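J.: There's a structure below that I have some questions on.
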Amino acid sequence: MNVATPTRTSAQGSASLPGKLLADARRRAGLTQAELAKRLAISQAAVAQLERADANPRLATLDRALRATGAELVVSTRRRRPIVDEGLIRQQLELEPAERLRGLEAMYEQARKLTTAGEMHRGELA
């Protein structure tokens, strides 16, 4: 008895491409395209089209095809993780433009001092 294990994919992974999802599920089920086509009452060429890298079937179509392989399509959402510190951006936007400018000038001056210190440490300044 072959016990299927769930396959997790992310929206960024190549396995999230509908064609690849279907082809992988078909192979795990030990089916050929022709056998899957027979289960779906469609042609082998239609299965091949569903498995193409650029395939964009409706969710219902993909779910039906996956179920024919013994798999199940599960769609969910989750809160997006920001790639930047949105709190820091919000905090900066609450400042007056002149305050933001003074802060940037202070950071620039600190960066210049760090650069000079690094150059002195490496012996690059005489």
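Letters A, B, ... mark the chains of the structure tokens in the order given; residue numbers begin at 1 per chain; ligand numbers begin at 1, in order shown.
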Run DSSP on the backbone and give me the residues of range 3-113 of chain A it puts in alpha helix (DSSP H), as a VMD selection string.
T.: chain A and resid 18 to 28 33 to 40 44 to 50 59 to 68 86 to 93 97 to 113
J.: I'd like the neighbourhood of Leu22 in chain A as a short mmCIF file (atom, residue, chain, number, x, y, z; two decimals) with C-alpha atoms, in the first residue's frame, where a residue qualifies if any of its atoms comes within 10 Å (using only C-alpha atoms), though same-chain residues fewer than 6 positions away should be ignored.
T.:
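Resulting contents of out05.cif:
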data_model
loop_
_atom_site.label_atom_id
_atom_site.label_comp_id
_atom_site.auth_asym_id
_atom_site.auth_seq_id
_atom_site.Cartn_x
_atom_site.Cartn_y
_atom_site.Cartn_z
CA ALA A 15 6.39 23.27 -7.63
CA SER A 16 3.65 25.89 -7.35
CA ARG A 28 3.81 10.02 -7.62
CA VAL A 47 -3.17 16.24 -20.13
CA ALA A 48 0.13 17.20 -21.76
CA LEU A 50 -2.23 20.89 -18.50
CA GLU A 51 1.28 19.81 -17.52
CA ARG A 52 3.05 22.46 -19.61
CA LEU A 62 -6.52 21.64 -11.59
CA ASP A 63 -8.35 20.26 -8.54
CA ALA A 65 -7.05 16.57 -12.38
CA LEU A 66 -5.19 16.32 -9.07
CA ARG A 67 -8.03 14.34 -7.50
CA THR A 69 -4.20 11.23 -9.25
CA ALA A 71 -4.02 14.17 -4.59
CA LEU A 73 -5.49 20.82 -4.11
#
J.: Give me, please, the distance in Å between CA of Ala25 in chain A and CA of Ala68 in chain A, quoted to one decimal.
T.: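 For CA of Ala25 in chain A relative to CA of Ala68 in chain A, the distance reads 9.5 Å.
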J.: State, in Å with one decimal place, the distance from CA of Ala53 in chain A to CA of Glu72 in chain A.
T.: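 Atom-to-atom, CA of Ala53 in chain A to CA of Glu72 in chain A, that is 19.8 Å.
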J.: By how many Å are CA of Ala46 in chain A and CA of Ala34 in chain A apart?
T.: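 Those two atoms sit 9.8 Å apart.
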J.: Neighbouring residues of Ala29 in chain A were defined as those with any atom within 10 Å, considering only C-alpha atoms; residues of the same chain fewer than 2 positions away were excluded. Please report them as a short mmCIF file (atom, residue, chain, number, x, y, z; two decimals) with C-alpha atoms, in the first residue's frame.
T.:
data_model
loop_
_atom_site.label_atom_id
_atom_site.label_comp_id
_atom_site.auth_asym_id
_atom_site.auth_seq_id
_atom_site.Cartn_x
_atom_site.Cartn_y
_atom_site.Cartn_z
CA ASN A 2 1.44 3.34 -1.05
CA ALA A 4 0.91 9.57 0.00
CA ALA A 23 2.92 16.28 -13.45
CA ASP A 24 4.51 15.61 -10.05
CA ALA A 25 1.23 14.29 -8.62
CA ARG A 26 0.71 12.06 -11.67
CA ARG A 27 4.21 10.61 -11.38
CA LEU A 31 0.28 7.14 -13.81
CA THR A 32 1.14 7.89 -17.41
CA LEU A 36 -4.64 10.11 -16.30
CA ALA A 68 -7.79 11.88 -10.40
CA THR A 69 -4.20 11.23 -9.25
CA GLY A 70 -5.28 10.74 -5.64
CA ALA A 71 -4.02 14.17 -4.59
#
